[in-house]
>>> print(open('coords.txt').read())   # compact mmCIF, C-alpha atoms
# COMPACT_ATOMS: atom_id res chain seq x y z
CA MET A 54 10.64 16.76 -8.34
CA SER A 55 9.57 13.20 -8.96
CA PHE A 56 9.19 10.24 -6.71
CA PHE A 57 10.97 7.05 -7.69
CA PRO A 58 9.29 4.36 -5.65
CA PHE A 59 10.44 0.80 -5.13
CA SER A 60 13.99 1.65 -4.34
CA ASN A 61 15.86 1.85 -1.07
CA CYS A 62 17.51 4.98 -2.42
CA CYS A 63 16.05 8.07 -3.98
CA GLN A 64 16.52 9.10 -7.55
CA VAL A 65 17.43 12.52 -8.92
CA SER A 66 16.74 14.16 -12.25
CA ARG A 67 16.67 17.69 -13.64
CA HIS A 68 13.52 19.70 -14.21
CA ALA A 69 12.72 23.33 -14.91
CA TYR A 70 11.38 24.63 -11.62
CA ASP A 71 10.80 28.16 -10.32
CA GLU A 72 12.15 29.61 -13.62
CA ARG A 73 15.59 28.04 -13.24
CA GLU A 74 17.23 24.67 -13.70
CA VAL A 75 17.73 22.96 -10.38
CA THR A 76 18.37 19.44 -9.24
CA MET A 77 15.17 17.93 -7.91
CA THR A 78 15.13 14.84 -5.74
CA HIS A 79 13.20 11.64 -6.34
CA MET A 80 12.22 10.36 -2.90
CA THR A 81 10.74 7.03 -1.96
CA LEU A 82 8.38 6.09 0.78
CA SER A 83 10.69 3.25 1.69
CA CYS A 84 13.49 5.74 2.26
CA MET A 85 11.27 7.76 4.57
CA GLN A 86 10.23 4.58 6.37
CA HIS A 87 13.88 3.87 7.14
CA VAL A 88 14.14 7.33 8.69
CA THR A 89 11.02 6.81 10.78
CA SER A 90 11.67 3.17 11.75
CA GLY A 91 8.82 1.88 9.66
CA SER A 92 6.08 4.07 11.13
CA THR A 93 3.32 5.70 9.13
CA CYS A 94 4.86 9.02 10.17
CA GLY A 95 7.05 8.64 7.10
CA GLU A 96 4.00 8.73 4.87
CA SER A 97 2.77 11.92 6.56
CA ILE A 98 6.17 13.50 5.96
CA VAL A 99 6.05 12.53 2.28
CA VAL A 100 2.52 13.83 1.75
CA GLY A 101 3.20 17.06 3.62
CA LEU A 102 6.48 17.63 1.81
CA ILE A 103 5.11 17.17 -1.68
CA LYS A 104 2.15 19.44 -0.92
CA SER A 105 4.44 22.21 0.29
CA LEU A 106 6.81 21.84 -2.66
CA SER A 107 4.13 21.67 -5.31
CA GLY A 108 2.06 24.51 -3.93
CA CYS A 109 -1.09 22.72 -4.97
CA ALA A 110 -3.51 20.35 -3.32
CA MET A 111 -3.55 16.75 -4.48
CA ARG A 112 -7.13 16.23 -3.39
CA GLU A 113 -10.20 18.41 -3.03
CA PRO A 114 -11.41 19.93 -0.81
CA ASP A 115 -8.65 19.46 1.77
CA GLY A 116 -5.79 18.23 -0.44
CA LYS A 117 -5.32 14.99 1.48
CA VAL A 118 -4.60 11.51 0.21
CA ARG A 119 -6.59 9.43 2.64
CA GLU A 120 -5.89 5.99 4.02
CA SER A 121 -8.91 4.60 2.15
CA ASP A 122 -7.54 6.04 -1.13
CA ILE A 123 -4.22 4.29 -0.59
CA GLU A 124 -5.80 0.97 0.36
CA ARG A 125 -8.06 1.08 -2.68
CA ALA A 126 -5.09 1.89 -4.91
CA MET A 127 -3.09 -0.99 -3.42
CA THR A 128 -5.83 -3.48 -4.22
CA ALA A 129 -6.36 -2.07 -7.71
CA ALA A 130 -2.62 -2.32 -8.39
CA ALA A 131 -2.53 -5.99 -7.40
CA ASP A 132 -5.57 -6.71 -9.59
CA SER A 133 -3.98 -4.96 -12.58
CA ALA A 134 -0.91 -7.19 -12.79
CA GLU A 135 -0.24 -8.61 -16.26
CA ARG A 136 1.84 -11.53 -17.45
CA TRP A 137 5.52 -10.67 -17.85
CA ASN A 138 6.76 -10.96 -21.43
CA THR A 139 10.55 -11.07 -21.53
CA GLY A 140 10.59 -10.26 -25.23
CA SER A 141 9.02 -6.86 -24.60
CA PHE A 142 11.90 -5.64 -22.44
CA ARG A 143 15.60 -5.43 -23.28
CA PHE A 144 18.03 -5.38 -20.37
CA VAL A 145 20.44 -2.41 -20.43
CA ARG A 146 22.16 -2.43 -17.06
CA LYS A 147 21.58 -2.90 -13.37
CA LEU A 148 20.71 0.30 -11.52
CA GLN A 149 20.90 -0.85 -7.92
CA ASP A 150 20.05 -3.52 -5.39
CA ALA A 151 16.79 -3.39 -3.47
CA ARG A 152 17.89 -5.41 -0.48
CA GLY A 153 14.96 -4.47 1.70
CA ASN A 154 12.63 -5.97 -0.90
CA CYS A 155 14.88 -8.93 -1.70
CA GLY A 156 15.31 -7.70 -5.25
CA HIS A 157 17.01 -5.24 -7.58
CA VAL A 158 16.25 -2.50 -10.09
CA ASP A 159 17.32 -2.70 -13.74
CA LEU A 160 17.34 -0.16 -16.54
CA MET A 161 15.51 -1.64 -19.53
CA ASN A 162 14.32 -0.61 -22.95
CA SER A 163 10.58 -1.24 -23.28
CA ALA A 164 8.93 -2.16 -26.56
CA LEU A 165 5.58 -1.71 -24.81
CA HIS A 166 6.35 1.97 -24.25
CA ASN A 167 7.66 3.06 -27.65
CA GLY A 168 11.21 1.99 -26.90
CA ARG A 169 11.67 4.32 -23.94
CA TYR A 170 14.03 3.58 -21.09
CA VAL A 171 12.26 2.38 -17.97
CA ALA A 172 13.23 1.34 -14.46
CA VAL A 173 12.12 -2.19 -13.62
CA LYS A 174 12.10 -3.32 -10.01
CA GLN A 175 12.11 -7.09 -9.65
CA MET A 176 10.99 -8.75 -6.42
CA PRO A 177 10.36 -12.44 -5.67
CA ASN A 178 6.70 -13.44 -5.43
CA GLU A 179 7.48 -15.26 -2.22
CA TRP A 180 8.22 -11.85 -0.69
CA VAL A 181 5.65 -9.66 -2.44
CA ALA A 182 2.80 -12.20 -2.09
CA ALA A 183 -0.33 -12.15 -4.22
CA ASP A 184 -1.82 -8.94 -2.85
CA PRO A 185 -1.55 -6.45 0.05
CA GLY A 186 -3.62 -8.59 2.42
CA GLU A 187 -1.50 -11.68 1.93
CA PHE A 188 1.68 -9.63 2.25
CA HIS A 189 0.53 -8.28 5.62
CA GLU A 190 -0.32 -11.78 6.83
CA ARG A 191 3.13 -13.05 5.86
CA HIS A 192 5.15 -10.02 6.97
CA PRO A 193 3.21 -8.08 9.62
CA GLU A 194 6.34 -6.42 11.03
CA ALA A 195 8.06 -5.62 7.74
CA GLN A 196 9.47 -2.09 7.38
CA GLU A 197 9.42 -2.39 3.59
CA ARG A 198 5.86 -2.52 2.30
CA PRO A 199 5.97 -2.77 -1.49
CA TRP A 200 2.22 -2.76 -2.09
CA ARG A 201 1.86 0.42 -0.05
CA ASP A 202 4.61 2.07 -2.07
CA ILE A 203 2.85 1.02 -5.27
CA GLY A 204 -0.50 2.25 -3.97
CA LEU A 205 0.92 5.64 -3.05
CA MET A 206 2.51 6.09 -6.47
CA ARG A 207 -0.65 4.98 -8.23
CA GLU A 208 -2.83 7.32 -6.17
CA LEU A 209 -0.52 10.31 -6.60
CA GLY A 210 -0.46 9.63 -10.34
CA ARG A 211 -4.24 9.44 -10.44
CA ALA A 212 -4.40 12.75 -8.58
CA LYS A 213 -2.18 14.16 -11.37
CA TYR A 214 0.54 15.17 -8.97
CA PRO A 215 3.16 16.55 -11.40
CA TYR A 216 6.35 15.31 -9.74
CA VAL A 217 5.70 11.62 -9.21
CA ASN A 218 7.30 9.07 -11.50
CA GLU A 219 4.85 7.35 -13.79
CA LEU A 220 3.74 3.84 -12.90
CA LEU A 221 3.86 2.15 -16.30
CA GLY A 222 2.86 -1.36 -15.37
CA ILE A 223 2.89 -4.27 -12.95
CA PHE A 224 3.86 -7.65 -14.36
CA ARG A 225 4.33 -11.12 -12.93
CA ASP A 226 5.60 -14.54 -13.85
CA ARG A 227 5.77 -17.65 -11.70
CA GLU A 228 8.68 -16.43 -9.61
CA THR A 229 8.92 -12.64 -9.87
CA THR A 230 6.91 -9.42 -9.70
CA TYR A 231 8.11 -6.63 -12.00
CA ILE A 232 7.25 -2.98 -11.28
CA VAL A 233 7.85 -0.78 -14.31
CA THR A 234 8.17 2.99 -13.84
CA SER A 235 9.56 5.95 -15.70
CA TYR A 236 13.31 6.32 -15.32
CA ALA A 237 15.03 9.03 -13.27
CA THR A 238 18.45 9.82 -14.65
CA GLU A 239 20.63 11.53 -12.05
CA GLY A 240 21.44 8.89 -9.43
CA ASP A 241 20.11 8.51 -5.90
CA LEU A 242 19.28 11.03 -3.18
CA PHE A 243 22.06 9.92 -0.88
CA LEU A 244 24.68 10.56 -3.56
CA TRP A 245 23.12 13.94 -4.31
CA CYS A 246 23.21 14.87 -0.62
CA LYS A 247 26.87 13.88 -0.49
CA ASN A 248 27.98 15.66 -3.66
CA GLY A 249 25.43 18.44 -3.92
CA PRO A 250 25.44 21.98 -2.55
CA ALA A 251 26.06 22.47 1.16
CA PRO A 252 22.97 23.04 3.34
CA GLY A 253 21.56 26.50 2.74
CA VAL A 254 19.42 28.50 0.33
CA GLU A 255 21.00 27.03 -2.80
CA ARG A 256 20.36 23.48 -1.63
>>> encode(input="coords.txt", output="structure tokens")
Amino acid sequence: MSFFPFSNCCQVSRHAYDEREVTMTHMTLSCMQHVTSGSTCGESIVVGLIKSLSGCAMREPDGKVRESDIERAMTAAADSAERWNTGSFRFVRKLQDARGNCGHVDLMNSALHNGRYVAVKQMPNEWVAADPGEFHERHPEAQERPWRDIGLMRELGRAKYPYVNELLGIFRDRETTYIVTSYATEGDLFLWCKNGPAPGVER
């Protein structure tokens, strides 16, 4: 199972798990926030769920990702942003809209990552702001919190959680912030729920 952040929908891909091939879901914090009306309860659900599915602790000694870890990761992510170079990425196709973040997600081919396919979420700087603090000042009641999503993915990656999509880079130009992650191939969680197995052991 891998998380595909920065999308209003969840992504699905196939992994070997529990000695058989099963469809694993790629869930986003933003999706959980919709379920929980923007409360931090959604984050608790995400952390608890991935711990139970992975069967391993993400942090020692108690396996928790703490608020301070997330806040530190959010700030580090904002500080790590690089200049966007259009020539390094080749557009392939649009994956989906990201209406809650005023943007969209494209599939691209990245010369910076050995030609691999990547998912690139594009959001206007006017919405994302320069950093988490400025975003909170501008949008204190926002249900979508892109820097928090980024911080969670960065922290889970740093903790070597095996089922989170890889954060490959954060880039910016004058108008747009680009979040580059590994690409999940099997569509979104809502489509999987609709077309997948009925509720039960198999699902």
>>> atom_distance(input="coords.txt", atom1="CA of Glu255 (chain A)", atom2="CA of Tyr236 (chain A)")
25.4 Å
>>> atom_distance(input="coords.txt", atom1="CA of Asp159 (chain A)", atom2="CA of Arg125 (chain A)")
27.9 Å
>>> closest_residue(input="coords.txt", among="A:Val173, A:Ala195, A:Ala237, A:Leu209", to="Gly222 (chain A)", atoms="only C-alpha atoms")
A:Val173
>>> residues_around(input="coords.txt", residues="region 143-158 of chain A", least_positions_apart="2", cutoff="7 Å", atoms="all atoms listed in the file", output="list in words")
Ser60, Asn61, Ser141, Leu160, Met161, Asn162, Ser163, Ala172, Val173, Lys174, Gln175, Met176, Pro177 and Glu197 of chain A
>>> atom_distance(input="coords.txt", atom1="CA of Cys246 (chain A)", atom2="CA of Arg207 (chain A)")
26.9 Å
>>> closest_residue(input="coords.txt", among="A:Ser235, A:Ser133, A:Thr230, A:Gln196", to="Arg169 (chain A)", atoms="all atoms listed in the file")
A:Ser235
>>> axis_aligned_box(input="coords.txt", around="region 214-223 of chain A", padding_each_side="5 Å", output="JSON")
{"center_x": 3.9, "center_y": 6.1, "center_z": -12.6, "size_x": 16.8, "size_y": 30.8, "size_z": 17.3}
>>> residues_around(input="coords.txt", residues="Leu220 (chain A)", least_positions_apart="3", cutoff="8 Å", atoms="only C-alpha atoms", output="PyMOL selection string")
chain A and resi 206-207+210+232-235
>>> closest_residue(input="coords.txt", among="A:Glu124, A:Val171, A:Asn178, A:Val254", to="Thr238 (chain A)", atoms="all atoms listed in the file")
A:Val171
>>> closest_residue(input="coords.txt", among="A:His189, A:Phe142, A:Thr229, A:Ala129", to="Ile203 (chain A)", atoms="all atoms listed in the file")
A:Ala129
>>> residues_near_point(input="coords.txt", point="(1.6, 1.1, -3.9)", cutoff="6 Å", atoms="all atoms listed in the file", output="mmCIF file with C-alpha atoms, in the frame of the given file")
data_model
loop_
_atom_site.group_PDB
_atom_site.id
_atom_site.type_symbol
_atom_site.label_atom_id
_atom_site.label_comp_id
_atom_site.auth_asym_id
_atom_site.auth_seq_id
_atom_site.Cartn_x
_atom_site.Cartn_y
_atom_site.Cartn_z
ATOM 1 C CA MET A 127 -3.090 -0.990 -3.420
ATOM 2 C CA TRP A 200 2.220 -2.760 -2.090
ATOM 3 C CA ARG A 201 1.860 0.420 -0.050
ATOM 4 C CA ASP A 202 4.610 2.070 -2.070
ATOM 5 C CA ILE A 203 2.850 1.020 -5.270
ATOM 6 C CA GLY A 204 -0.500 2.250 -3.970
ATOM 7 C CA LEU A 205 0.920 5.640 -3.050
ATOM 8 C CA MET A 206 2.510 6.090 -6.470
#
>>> residues_around(input="coords.txt", residues="Phe224 (chain A)", least_positions_apart="6", cutoff="6 Å", atoms="all atoms listed in the file", output="ChimeraX atom specification")
/A:134-137,230-231
>>> closest_residue(input="coords.txt", among="A:Tyr216, A:His192, A:Leu221, A:Thr128", to="Tyr170 (chain A)", atoms="all atoms listed in the file")
A:Leu221
